[in-house]
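Content type PDB, C-alpha atoms, from the file query-v4.pdb:
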```pdb
MODEL        1
ATOM      1  CA  MET A 258      31.045  -1.802 -48.032
ATOM      2  CA  THR A 259      29.118  -1.519 -44.735
ATOM      3  CA  LYS A 260      26.508   1.187 -44.648
ATOM      4  CA  GLN A 261      27.109   3.800 -41.990
ATOM      5  CA  GLU A 262      24.536   3.938 -39.210
ATOM      6  CA  ILE A 263      23.829   6.791 -36.824
ATOM      7  CA  LYS A 264      22.394   7.065 -33.359
ATOM      8  CA  CYS A 265      19.562   9.344 -32.205
ATOM      9  CA  GLU A 266      21.948  12.012 -30.932
ATOM     10  CA  GLN A 267      23.474  12.526 -34.365
ATOM     11  CA  ALA A 268      20.122  12.218 -36.102
ATOM     12  CA  LEU A 269      18.723  14.999 -33.925
ATOM     13  CA  ARG A 270      21.780  17.165 -34.613
ATOM     14  CA  GLN A 271      21.054  16.866 -38.331
ATOM     15  CA  ILE A 272      17.276  17.037 -38.152
ATOM     16  CA  PHE A 273      16.952  20.598 -39.484
ATOM     17  CA  GLU A 274      19.395  19.944 -42.313
ATOM     18  CA  TYR A 275      17.279  16.924 -43.177
ATOM     19  CA  VAL A 276      13.985  18.824 -43.297
ATOM     20  CA  ASP A 277      15.681  21.676 -45.187
ATOM     21  CA  HIS A 278      17.033  19.226 -47.798
ATOM     22  CA  GLU A 279      20.573  20.296 -47.022
ATOM     23  CA  LEU A 280      22.084  16.859 -46.411
ATOM     24  CA  GLY A 281      24.179  15.221 -49.093
ATOM     25  CA  GLU A 282      22.874  12.066 -50.752
ATOM     26  CA  ALA A 283      24.777   9.643 -48.531
ATOM     27  CA  GLU A 284      23.942  11.518 -45.315
ATOM     28  CA  ARG A 285      20.296  11.682 -46.292
ATOM     29  CA  ALA A 286      20.182   7.943 -46.960
ATOM     30  CA  THR A 287      21.828   7.271 -43.584
ATOM     31  CA  MET A 288      19.329   9.549 -41.868
ATOM     32  CA  GLU A 289      16.392   7.876 -43.580
ATOM     33  CA  ARG A 290      17.585   4.425 -42.525
ATOM     34  CA  HIS A 291      17.646   5.701 -38.946
ATOM     35  CA  LEU A 292      14.202   7.275 -39.249
ATOM     36  CA  HIS A 293      12.762   4.020 -40.542
ATOM     37  CA  THR A 294      13.831   2.261 -37.390
ATOM     38  CA  CYS A 295      13.386   5.001 -34.757
ATOM     39  CA  HIS A 296       9.830   6.120 -34.085
ATOM     40  CA  SER A 297      10.861   9.009 -31.856
ATOM     41  CA  CYS A 298      13.269  10.573 -34.379
ATOM     42  CA  TYR A 299      10.778   9.955 -37.176
ATOM     43  CA  SER A 300       8.083  11.805 -35.222
ATOM     44  CA  ARG A 301      10.489  14.652 -34.480
ATOM     45  CA  ALA A 302      11.386  14.995 -38.163
ATOM     46  CA  GLU A 303       7.707  14.922 -39.078
ATOM     47  CA  PHE A 304       6.955  17.623 -36.502
ATOM     48  CA  GLU A 305       9.754  19.923 -37.711
ATOM     49  CA  ALA A 306       8.775  19.398 -41.347
ATOM     50  CA  ARG A 307       5.115  20.220 -40.633
ATOM     51  CA  LEU A 308       6.061  23.340 -38.688
ATOM     52  CA  LYS A 309       8.243  24.425 -41.605
ATOM     53  CA  VAL A 310       5.327  23.950 -44.001
ATOM     54  CA  LYS A 311       3.043  25.976 -41.715
ATOM     55  CA  LEU A 312       5.572  28.808 -41.642
ATOM     56  CA  GLY A 313       5.872  28.623 -45.412
ATOM     57  CA  GLU A 314       2.146  29.241 -45.650
ATOM     58  CA  LEU A 315       2.676  32.697 -44.123
ATOM     59  CA  LYS A 316       4.353  33.860 -47.303
ATOM     60  CA  LYS A 317       2.340  36.291 -49.361
ATOM     61  CA  ASP A 318       3.370  36.466 -52.973
ATOM     62  CA  ASP A 319       1.446  39.493 -54.112
ATOM     63  CA  PRO A 320       2.495  42.955 -53.001
ATOM     64  CA  ASP A 321      -0.308  45.463 -53.073
ATOM     65  CA  ALA A 322      -0.833  47.605 -56.149
ATOM     66  CA  THR A 323       0.706  50.691 -54.504
ATOM     67  CA  VAL A 324       4.049  48.993 -53.974
ATOM     68  CA  ARG A 325       4.035  47.460 -57.439
ATOM     69  CA  GLY A 326       3.176  50.833 -59.023
ATOM     70  CA  ARG A 327       5.901  52.651 -57.103
ATOM     71  CA  ILE A 328       8.587  50.114 -58.001
ATOM     72  CA  LYS A 329       7.455  49.994 -61.628
ATOM     73  CA  SER A 330       7.813  53.793 -61.868
ATOM     74  CA  LEU A 331      11.201  53.565 -60.224
ATOM     75  CA  LEU A 332      12.383  50.946 -62.714
ATOM     76  CA  ASP A 333      11.108  53.071 -65.612
ATOM     77  CA  SER A 334      13.194  55.984 -64.341
ATOM     78  CA  PHE A 335      16.507  54.050 -64.555
TER      79      PHE A 335
ATOM     80  CA  MET B  72      29.451  43.377 -67.462
ATOM     81  CA  GLY B  73      26.332  44.117 -65.419
ATOM     82  CA  ILE B  74      22.802  42.965 -65.911
ATOM     83  CA  SER B  75      20.715  44.606 -68.649
ATOM     84  CA  HIS B  76      17.900  46.997 -67.727
ATOM     85  CA  LYS B  77      15.318  44.580 -69.105
ATOM     86  CA  ALA B  78      16.671  41.591 -67.171
ATOM     87  CA  PHE B  79      16.992  43.707 -64.007
ATOM     88  CA  GLU B  80      13.390  44.841 -64.287
ATOM     89  CA  GLU B  81      12.125  41.308 -64.911
ATOM     90  CA  GLN B  82      14.029  39.926 -61.925
ATOM     91  CA  VAL B  83      12.911  42.702 -59.588
ATOM     92  CA  LEU B  84       9.261  42.366 -60.574
ATOM     93  CA  ALA B  85       9.428  38.572 -60.243
ATOM     94  CA  LEU B  86      10.879  38.935 -56.741
ATOM     95  CA  LEU B  87       8.796  41.904 -55.653
ATOM     96  CA  GLY B  88       6.380  39.813 -53.593
ATOM     97  CA  SER B  89       9.289  38.251 -51.702
ATOM     98  CA  LEU B  90      11.173  41.518 -51.265
ATOM     99  CA  ASN B  91       8.076  43.258 -49.986
ATOM    100  CA  GLY B  92       7.074  40.315 -47.801
ATOM    101  CA  VAL B  93      10.479  40.146 -46.124
ATOM    102  CA  ALA B  94      10.600  43.929 -45.727
ATOM    103  CA  ARG B  95       7.156  43.870 -44.083
ATOM    104  CA  ARG B  96       8.410  41.366 -41.538
ATOM    105  CA  LEU B  97      11.566  43.352 -40.824
ATOM    106  CA  MET B  98       9.887  46.754 -40.502
ATOM    107  CA  SER B  99       6.943  47.265 -38.189
ATOM    108  CA  ILE B 100       5.425  50.101 -40.255
ATOM    109  CA  PRO B 101       4.165  49.186 -43.766
ATOM    110  CA  ALA B 102       5.265  52.546 -45.254
ATOM    111  CA  ASP B 103       8.807  51.921 -43.947
ATOM    112  CA  ALA B 104       8.781  48.494 -45.570
ATOM    113  CA  GLU B 105       7.791  50.044 -48.886
ATOM    114  CA  ASP B 106      10.606  52.588 -48.546
ATOM    115  CA  LEU B 107      13.039  49.784 -47.764
ATOM    116  CA  VAL B 108      12.090  47.935 -50.953
ATOM    117  CA  ALA B 109      12.370  51.104 -53.043
ATOM    118  CA  GLU B 110      15.762  51.980 -51.541
ATOM    119  CA  THR B 111      16.934  48.402 -52.154
ATOM    120  CA  VAL B 112      15.957  48.580 -55.809
ATOM    121  CA  VAL B 113      17.771  51.911 -56.240
ATOM    122  CA  ARG B 114      20.920  50.594 -54.561
ATOM    123  CA  ALA B 115      20.782  47.366 -56.518
ATOM    124  CA  TRP B 116      20.553  49.241 -59.827
ATOM    125  CA  ARG B 117      23.523  51.415 -58.871
ATOM    126  CA  ALA B 118      25.502  48.336 -57.853
ATOM    127  CA  ARG B 119      24.449  46.178 -60.820
ATOM    128  CA  ASP B 120      28.015  45.753 -62.017
ATOM    129  CA  SER B 121      28.777  43.800 -58.841
ATOM    130  CA  LEU B 122      26.339  41.039 -59.826
ATOM    131  CA  GLU B 123      28.531  38.259 -61.134
ATOM    132  CA  ASN B 124      25.840  36.205 -62.806
ATOM    133  CA  ASP B 125      22.117  36.524 -63.257
ATOM    134  CA  ALA B 126      21.483  33.204 -61.503
ATOM    135  CA  ALA B 127      22.739  34.728 -58.246
ATOM    136  CA  PHE B 128      20.329  37.660 -58.485
ATOM    137  CA  ARG B 129      17.990  36.600 -55.673
ATOM    138  CA  ALA B 130      20.650  36.213 -52.970
ATOM    139  CA  TRP B 131      22.422  39.334 -54.285
ATOM    140  CA  ILE B 132      19.390  41.631 -54.050
ATOM    141  CA  PHE B 133      18.366  40.219 -50.671
ATOM    142  CA  ARG B 134      21.854  40.992 -49.422
ATOM    143  CA  ILE B 135      21.328  44.575 -50.544
ATOM    144  CA  LEU B 136      17.935  44.611 -48.836
ATOM    145  CA  HIS B 137      19.396  43.311 -45.605
ATOM    146  CA  ASN B 138      22.343  45.717 -45.678
ATOM    147  CA  THR B 139      19.956  48.587 -46.373
ATOM    148  CA  PHE B 140      17.792  47.494 -43.460
ATOM    149  CA  VAL B 141      20.778  47.366 -41.087
ATOM    150  CA  SER B 142      22.052  50.778 -42.199
ATOM    151  CA  GLU B 143      18.565  52.262 -41.823
ATOM    152  CA  LEU B 144      18.391  50.953 -38.270
ATOM    153  CA  ARG B 145      21.793  52.420 -37.524
ATOM    154  CA  ARG B 146      20.773  55.745 -38.979
ATOM    155  CA  ALA B 147      17.651  55.690 -36.816
ATOM    156  CA  GLY B 148      19.838  55.207 -33.784
ATOM    157  CA  ALA B 149      18.962  51.623 -33.068
ATOM    158  CA  ARG B 150      21.679  49.126 -32.406
ATOM    159  CA  PRO B 151      20.910  45.935 -34.252
ATOM    160  CA  ARG B 152      23.090  42.962 -33.579
ATOM    161  CA  LEU B 153      25.398  42.965 -36.512
ATOM    162  CA  GLU B 154      25.595  39.594 -38.151
ATOM    163  CA  SER B 155      29.378  39.617 -38.356
ATOM    164  CA  LEU B 156      29.807  40.697 -34.750
ATOM    165  CA  GLU B 157      27.448  38.296 -33.064
ATOM    166  CA  CYS B 158      28.637  36.356 -30.098
ATOM    167  CA  ASP B 159      27.505  32.981 -31.353
ATOM    168  CA  GLU B 160      29.837  31.143 -29.007
ATOM    169  CA  ALA B 161      27.836  32.122 -25.929
ATOM    170  CA  GLU B 162      24.562  31.133 -27.543
ATOM    171  CA  GLU B 163      26.045  27.821 -28.611
ATOM    172  CA  GLU B 164      25.893  26.732 -25.008
ATOM    173  CA  GLU B 165      22.132  27.202 -24.783
ATOM    174  CA  VAL B 166      19.999  24.115 -24.772
ATOM    175  CA  GLN B 167      17.638  24.483 -27.689
ATOM    176  CA  PHE B 168      14.005  24.523 -26.802
ATOM    177  CA  SER B 169      11.862  21.970 -28.596
ATOM    178  CA  ILE B 170       8.067  21.759 -28.459
ATOM    179  CA  PHE B 171       8.423  18.163 -29.566
ATOM    180  CA  GLU B 172      10.532  17.310 -26.560
ATOM    181  CA  GLN B 173       8.095  19.104 -24.265
ATOM    182  CA  MET B 174       5.177  17.124 -25.572
ATOM    183  CA  HIS B 175       6.597  13.799 -26.700
ATOM    184  CA  GLN B 176       6.353  12.065 -23.361
ATOM    185  CA  PRO B 177       5.633   8.350 -23.036
ATOM    186  CA  PHE B 178       2.472   8.628 -20.929
ATOM    187  CA  LEU B 179       0.978  11.142 -23.335
ATOM    188  CA  LEU B 180       1.609   8.833 -26.264
ATOM    189  CA  TRP B 181      -0.746   6.269 -24.787
ATOM    190  CA  PHE B 182      -3.606   8.528 -25.677
ATOM    191  CA  SER B 183      -2.727  10.559 -28.723
ATOM    192  CA  ASN B 184      -0.097  12.353 -30.740
ATOM    193  CA  PRO B 185       0.070  15.617 -28.766
ATOM    194  CA  GLU B 186       2.747  17.409 -30.767
ATOM    195  CA  GLN B 187       0.792  16.874 -33.971
ATOM    196  CA  GLU B 188      -2.363  18.131 -32.246
ATOM    197  CA  PHE B 189      -0.428  21.217 -31.203
ATOM    198  CA  LEU B 190       0.441  21.885 -34.856
ATOM    199  CA  ASP B 191      -3.122  21.242 -35.973
ATOM    200  CA  LYS B 192      -4.344  23.966 -33.628
ATOM    201  CA  LEU B 193      -1.726  26.553 -34.492
ATOM    202  CA  LEU B 194      -3.267  29.483 -36.318
ATOM    203  CA  ARG B 195      -1.657  31.733 -38.855
ATOM    204  CA  GLU B 196      -1.941  34.584 -36.344
ATOM    205  CA  ASP B 197      -0.082  32.554 -33.725
ATOM    206  CA  LEU B 198       2.804  32.003 -36.125
ATOM    207  CA  ASP B 199       2.762  35.621 -37.314
ATOM    208  CA  ARG B 200       2.923  36.885 -33.761
ATOM    209  CA  ALA B 201       5.684  34.473 -32.747
ATOM    210  CA  LEU B 202       7.754  35.357 -35.802
ATOM    211  CA  ALA B 203       7.348  39.079 -35.106
ATOM    212  CA  THR B 204       8.552  38.511 -31.539
ATOM    213  CA  LEU B 205      11.817  36.874 -32.601
ATOM    214  CA  PRO B 206      14.952  39.030 -32.479
ATOM    215  CA  GLN B 207      15.823  40.356 -35.933
ATOM    216  CA  HIS B 208      18.892  38.150 -36.457
ATOM    217  CA  HIS B 209      16.801  35.050 -35.750
ATOM    218  CA  ARG B 210      13.717  36.256 -37.606
ATOM    219  CA  VAL B 211      15.564  36.871 -40.834
ATOM    220  CA  VAL B 212      17.021  33.354 -41.107
ATOM    221  CA  VAL B 213      13.644  31.749 -40.426
ATOM    222  CA  ILE B 214      11.987  33.994 -43.021
ATOM    223  CA  LEU B 215      14.599  33.259 -45.660
ATOM    224  CA  SER B 216      14.613  29.513 -45.012
ATOM    225  CA  ASP B 217      10.987  28.695 -44.266
ATOM    226  CA  LEU B 218       9.009  31.398 -46.067
ATOM    227  CA  GLU B 219      11.302  32.159 -48.983
ATOM    228  CA  GLU B 220      12.806  28.669 -49.284
ATOM    229  CA  PHE B 221      16.383  29.870 -49.620
ATOM    230  CA  SER B 222      19.103  27.223 -49.419
ATOM    231  CA  TYR B 223      21.684  27.606 -46.648
ATOM    232  CA  GLY B 224      24.130  28.791 -49.315
ATOM    233  CA  GLU B 225      21.766  31.515 -50.472
ATOM    234  CA  ILE B 226      21.083  32.645 -46.895
ATOM    235  CA  ALA B 227      24.830  32.806 -46.291
ATOM    236  CA  GLU B 228      25.200  34.947 -49.399
ATOM    237  CA  ALA B 229      22.243  37.174 -48.525
ATOM    238  CA  LEU B 230      23.435  37.835 -44.962
ATOM    239  CA  GLY B 231      27.171  37.780 -45.636
ATOM    240  CA  ILE B 232      27.847  35.016 -43.112
ATOM    241  CA  PRO B 233      29.391  31.522 -43.415
ATOM    242  CA  VAL B 234      27.128  28.544 -44.176
ATOM    243  CA  GLY B 235      28.066  26.999 -40.821
ATOM    244  CA  THR B 236      26.742  30.086 -39.067
ATOM    245  CA  VAL B 237      23.503  29.847 -41.053
ATOM    246  CA  ARG B 238      23.119  26.247 -39.886
ATOM    247  CA  SER B 239      23.677  27.005 -36.216
ATOM    248  CA  ARG B 240      21.719  30.250 -36.220
ATOM    249  CA  LEU B 241      18.751  28.617 -37.898
ATOM    250  CA  ALA B 242      18.712  25.850 -35.297
ATOM    251  CA  ARG B 243      18.773  28.407 -32.480
ATOM    252  CA  ALA B 244      16.183  30.586 -34.190
ATOM    253  CA  ARG B 245      13.807  27.646 -34.515
ATOM    254  CA  GLY B 246      14.350  26.775 -30.861
ATOM    255  CA  ALA B 247      13.573  30.378 -29.917
ATOM    256  CA  LEU B 248      10.488  30.420 -32.141
ATOM    257  CA  GLN B 249       9.194  27.213 -30.598
ATOM    258  CA  LYS B 250       9.751  28.598 -27.129
ATOM    259  CA  ILE B 251       7.647  31.647 -28.025
ATOM    260  CA  LEU B 252       4.922  29.447 -29.527
ATOM    261  CA  TRP B 253       4.937  27.329 -26.407
ATOM    262  CA  GLN B 254       4.671  30.372 -24.149
ATOM    263  CA  GLN B 255       1.904  31.819 -26.327
ATOM    264  CA  ALA B 256       0.033  28.550 -26.041
ATOM    265  CA  ARG B 257       0.241  28.819 -22.269
ATOM    266  CA  ASP B 258      -0.702  32.493 -22.215
ATOM    267  CA  TYR B 259      -3.594  32.376 -24.681
ATOM    268  CA  GLY B 260      -5.915  29.771 -23.284
ATOM    269  CA  LEU B 261      -3.679  26.739 -23.422
ATOM    270  CA  ASN B 262      -5.931  24.723 -25.684
ATOM    271  CA  ALA B 263      -3.064  23.551 -27.829
ATOM    272  CA  VAL B 264      -1.194  22.270 -24.794
ATOM    273  CA  PRO B 265      -2.598  18.952 -23.669
ATOM    274  CA  ALA B 266      -4.304  19.128 -20.311
ATOM    275  CA  ALA B 267      -1.995  16.621 -18.687
ATOM    276  CA  LEU B 268       1.015  18.728 -19.556
ATOM    277  CA  ARG B 269      -0.671  21.872 -18.325
ATOM    278  CA  GLU B 270      -1.386  20.211 -15.054
ATOM    279  CA  ALA B 271       2.183  19.036 -14.673
ATOM    280  CA  ASP B 272       3.417  22.452 -15.722
ATOM    281  CA  GLU B 273       1.293  24.203 -13.158
ATOM    282  CA  GLY B 274       2.234  21.829 -10.380
ATOM    283  CA  GLY B 275      -1.214  20.265 -10.173
ATOM    284  CA  THR B 276      -1.734  17.129  -8.159
ATOM    285  CA  GLY B 277      -4.607  15.491 -10.058
ATOM    286  CA  ALA B 278      -4.382  12.441 -12.247
ATOM    287  CA  ALA B 279      -2.527  13.553 -15.346
ATOM    288  CA  ARG B 280      -3.524  10.539 -17.342
ATOM    289  CA  GLN B 281      -7.194  11.092 -16.631
ATOM    290  CA  ALA B 282      -6.867  14.732 -17.651
ATOM    291  CA  MET B 283      -5.153  13.663 -20.858
ATOM    292  CA  ALA B 284      -7.883  11.147 -21.628
ATOM    293  CA  GLU B 285     -10.492  13.833 -21.133
ATOM    294  CA  ALA B 286      -8.584  16.346 -23.211
ATOM    295  CA  THR B 287      -8.102  14.008 -26.139
ATOM    296  CA  GLY B 288     -11.642  12.686 -25.903
ATOM    297  CA  ARG B 289     -13.089  16.136 -26.553
ATOM    298  CA  LYS B 290     -14.385  16.874 -29.999
ATOM    299  CA  ASP B 291     -14.230  20.652 -29.834
ATOM    300  CA  LYS B 292     -11.862  22.515 -32.107
ATOM    301  CA  GLY B 293      -9.987  24.618 -29.605
ATOM    302  CA  THR B 294      -7.218  26.962 -30.619
ATOM    303  CA  ILE B 295      -4.224  28.123 -28.723
ATOM    304  CA  ARG B 296      -5.570  31.616 -28.468
TER     305      ARG B 296
ENDMDL
END
```

Could you write out this structure as structure tokens?
Amino acid sequence: MTKQEIKCEQALRQIFEYVDHELGEAERATMERHLHTCHSCYSRAEFEARLKVKLGELKKDDPDATVRGRIKSLLDSF
Amino acid sequence: MGISHKAFEEQVLALLGSLNGVARRLMSIPADAEDLVAETVVRAWRARDSLENDAAFRAWIFRILHNTFVSELRRAGARPRLESLECDEAEEEEVQFSIFEQMHQPFLLWFSNPEQEFLDKLLREDLDRALATLPQHHRVVVILSDLEEFSYGEIAEALGIPVGTVRSRLARARGALQKILWQQARDYGLNAVPAALREADEGGTGAARQAMAEATGRKDKGTIR
């Protein structure tokens, strides 16, 4: 069976789904074949993935003690 | 059969950092964010019988948080764009802004990788400010996807919208965020925007390539501020 190929236009339409790991296995493989042969789309995917990582670094996991104490008391009252 | 008190408590405490972090980015005043989290936990406990399985707890409690946020805004007299009533069709026509497309121009590539340089120079504060500037309906999808690492399915569940809407809204939100970052870069000293682009942007008449060579030859660690 011939492997499906995509053009830049479709690759760019799916670029966020690719960096978000939301493409199915076959679509992801098709996208990766395109990215291996298209420098521009590869660079775009790399840019979007890096920006996503930078945004992810904004996340703070630890609420301050006041919030934790208040919610803990609340939970104890249920 | 609802979740047990012990399991509820464990899940809430495990997610408290995320709940509080998202609330802080939705509410401008920290005390309001704390109230939003507390109100969410109370509502979630009251509605615990509606949780179908413990594995869906995260999306379920974030849906309660988001609904509580929207109802608080309504009560305060604001008029948030309601997720279910949004006019996505009009926005669909917008051309999405892309920093990559602004910067990925053939003559610039002779000298460097400008879009990667732009990212290298972005500071946490730049991203914080840009995120805070986004409209709420865009901000929340970016937060859930990029900070909280929700899948599209979980975002759909948390916001009560179809997965297809998550996909399109996230694409538009990222375009809007990049536009803000780009404008910030221009407004705050421009160091993250390569000189050649600045010149072109400002209608300058000098040699763009020379400016680019000079810009990329510099060793200083400029920021976009």

> What lies within 6 Å of stretch 316-325 of chain A using only C-alpha atoms, ignoring chain neighbours under 3 positions off, as a list of chain:residue names?
Replying inline: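 Listed by chain and then number, they are A:Gly313, A:Ile328, A:Lys329, B:Gly88, B:Leu218.
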
> Near A:Ala268, within 9 Å and counting only C-alpha atoms, which residues show up once chain neighbours fewer than 5 positions away are dropped, as a list in words?
Replying inline: Ile263, Tyr275, Met288, His291, Leu292 and Cys298 of chain A

Okay, now the selection with C-alpha atoms, as a CSV table (one decimal), in the coordinates of the input?
```
chain,number,residue,atom,x,y,z
A,263,ILE,CA,23.8,6.8,-36.8
A,275,TYR,CA,17.3,16.9,-43.2
A,288,MET,CA,19.3,9.5,-41.9
A,291,HIS,CA,17.6,5.7,-38.9
A,292,LEU,CA,14.2,7.3,-39.2
A,298,CYS,CA,13.3,10.6,-34.4
```

Padding 4 Å on each side, edges along x, y and z: where is the centre of the box around the listed atoms of stretch 138-144 of chain B, and how long are its edges in Å to one decimal? Output it as lines of an AutoDock Vina configuration file.
```
center_x = 20.1
center_y = 49.0
center_z = -42.3
size_x = 12.6
size_y = 14.5
size_z = 16.1
```

> For chain A, which of B:Leu194, B:Ala256, B:Ala227, B:Ile232 is the closest residue, counting only C-alpha atoms?
Replying inline: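 Among B:Leu194, B:Ala256, B:Ala227, B:Ile232, it is B:Leu194 that comes nearest to chain A.
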
Kindly provide, as a PDB file with C-alpha atoms, keeping the file's coordinate frame, the residues of chain B having any atom no farther than 8 Å from an atom of chain A, counting all atoms listed in the file.
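Result file follows (result-v7.pdb):
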```
ATOM      1  CA  HIS B  76      17.900  46.997 -67.727  1.00  0.00           C
ATOM      2  CA  GLU B  80      13.390  44.841 -64.287  1.00  0.00           C
ATOM      3  CA  LEU B  84       9.261  42.366 -60.574  1.00  0.00           C
ATOM      4  CA  LEU B  87       8.796  41.904 -55.653  1.00  0.00           C
ATOM      5  CA  GLY B  88       6.380  39.813 -53.593  1.00  0.00           C
ATOM      6  CA  SER B  89       9.289  38.251 -51.702  1.00  0.00           C
ATOM      7  CA  ASN B  91       8.076  43.258 -49.986  1.00  0.00           C
ATOM      8  CA  GLY B  92       7.074  40.315 -47.801  1.00  0.00           C
ATOM      9  CA  GLU B 105       7.791  50.044 -48.886  1.00  0.00           C
ATOM     10  CA  ALA B 109      12.370  51.104 -53.043  1.00  0.00           C
ATOM     11  CA  VAL B 112      15.957  48.580 -55.809  1.00  0.00           C
ATOM     12  CA  VAL B 113      17.771  51.911 -56.240  1.00  0.00           C
ATOM     13  CA  TRP B 116      20.553  49.241 -59.827  1.00  0.00           C
ATOM     14  CA  PHE B 171       8.423  18.163 -29.566  1.00  0.00           C
ATOM     15  CA  GLU B 186       2.747  17.409 -30.767  1.00  0.00           C
ATOM     16  CA  GLN B 187       0.792  16.874 -33.971  1.00  0.00           C
ATOM     17  CA  LEU B 190       0.441  21.885 -34.856  1.00  0.00           C
ATOM     18  CA  ARG B 195      -1.657  31.733 -38.855  1.00  0.00           C
ATOM     19  CA  LEU B 198       2.804  32.003 -36.125  1.00  0.00           C
ATOM     20  CA  ASP B 199       2.762  35.621 -37.314  1.00  0.00           C
ATOM     21  CA  SER B 216      14.613  29.513 -45.012  1.00  0.00           C
ATOM     22  CA  ASP B 217      10.987  28.695 -44.266  1.00  0.00           C
ATOM     23  CA  LEU B 218       9.009  31.398 -46.067  1.00  0.00           C
ATOM     24  CA  GLU B 219      11.302  32.159 -48.983  1.00  0.00           C
ATOM     25  CA  GLU B 220      12.806  28.669 -49.284  1.00  0.00           C
ATOM     26  CA  SER B 222      19.103  27.223 -49.419  1.00  0.00           C
ATOM     27  CA  TYR B 223      21.684  27.606 -46.648  1.00  0.00           C
ATOM     28  CA  ARG B 238      23.119  26.247 -39.886  1.00  0.00           C
ATOM     29  CA  ALA B 242      18.712  25.850 -35.297  1.00  0.00           C
TER      30      ALA B 242
END
```

>> List as a count of residues only the protein and nucleic acid residues near stretch 134-144 of chain B, meaning an atom at most 12 Å away when only C-alpha atoms are counted, but skip any in the same chain fewer than 3 places from it.
In response: 57

> What gap, in Å, lies between atom CA of B:Ser169 and atom CA of A:Thr287?
Replying inline: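 Going from atom CA of B:Ser169 over to atom CA of A:Thr287 covers 23.2 Å.
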
> Quick one, how far is atom CA of B:Ala203 from atom CA of B:Gln173?
Replying inline: 22.7 Å

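One finds atom CA of B:Gly224 at 20.6 Å from atom CA of B:Val83.
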
> Restricting the calculation to only C-alpha atoms, which member of B:Leu193, B:Gln254, B:Ser99, B:Asp125 is positioned closest to B:Ser75?
Replying inline: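 Going through B:Leu193, B:Gln254, B:Ser99, B:Asp125 one by one, the smallest distance to B:Ser75 is for B:Asp125.
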
>> Restricting the calculation to only C-alpha atoms: of A:Cys295, A:Gly326, A:Ala283, A:Arg290, which residue gets closest to A:Glu262?
In response: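 Among the listed residues, A:Arg290 lies closest to A:Glu262.
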
> In terms of the shortest atom-to-atom distance over only C-alpha atoms, which of B:Leu205, B:Ala78, B:Ile170, B:Ala102 is closest to B:Ala126?
Replying inline: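 Once distances to B:Ala126 are computed over only C-alpha atoms, the minimum belongs to B:Ala78.
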